[in-house]
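Okay, structure first, notes after.
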Amino acid sequence: MMRYCRKPQILGPLLAVLALQPVQAEPGRTATLAVENMTCRLCPITVRKALEKIEGVREAKASLETKTATVTFDPDQTSGEALIRAIRNAGYPSEVQGGDAHE
């Protein structure tokens, strides 16, 4: 005689209720950094990967065209100075161009 688990009967309605709950994004800060020495299409990838290694970085984008990196981060876990240091350590001098990295 096969026994069936009753948990799926409970799990289905529970998942339906959870799916209806609004998801709230945690607040973060966004900073735009001017990045020097980006000369080829691999440079923004290197900058982005350097930023993504930092704990607290939620999103990092780098642009060869504008020579900038835009970073969304948790100020409780990292700082604008740490972002700049990571980019510089990857070989690209940088500075804060805009946003709230120093607040």
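We name chains A, B, ... following the order of the structure tokens; residues begin at 1 in each chain, and ligands are numbered from 1 as shown.
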
Close residues, Thr78 in chain A itself excluded, 12 Å, only C-alpha atoms, min 4 positions apart in chain, as a PyMOL selection string: chain A and resi 28-30+51-58+71-74+82-86+101-103

Smallest atom-to-atom distance to Leu33 in chain A: which of A:Glu59, A:Glu81, A:Asp76, A:Glu95, using only C-alpha atoms? A:Glu95

Point out the residue among A:Ala31, A:Gly80, A:Ala62, A:Thr70 with the least atom-to-atom distance to Thr46 in chain A, counting only C-alpha atoms.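 Nearest candidate to Thr46 in chain A out of A:Ala31, A:Gly80, A:Ala62, A:Thr70: A:Ala62.
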
One decimal, in Å: what's the spacing between CA of Thr39 in chain A and CA of Ser79 in chain A?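 Straight-line distance from CA of Thr39 in chain A to CA of Ser79 in chain A works out to 26.4 Å.
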
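Of the residues in range 17-103 of chain A, those given helix (DSSP H, G or I) by DSSP on the backbone are Val17, Leu18, Ala19, Leu20, Cys43, Pro44, Ile45, Thr46, Val47, Arg48, Lys49, Ala50, Leu51, Glu52, Gly80, Glu81, Ala82, Leu83, Ile84, Arg85, Ala86, Ile87, Arg88 and Asn89 of chain A.
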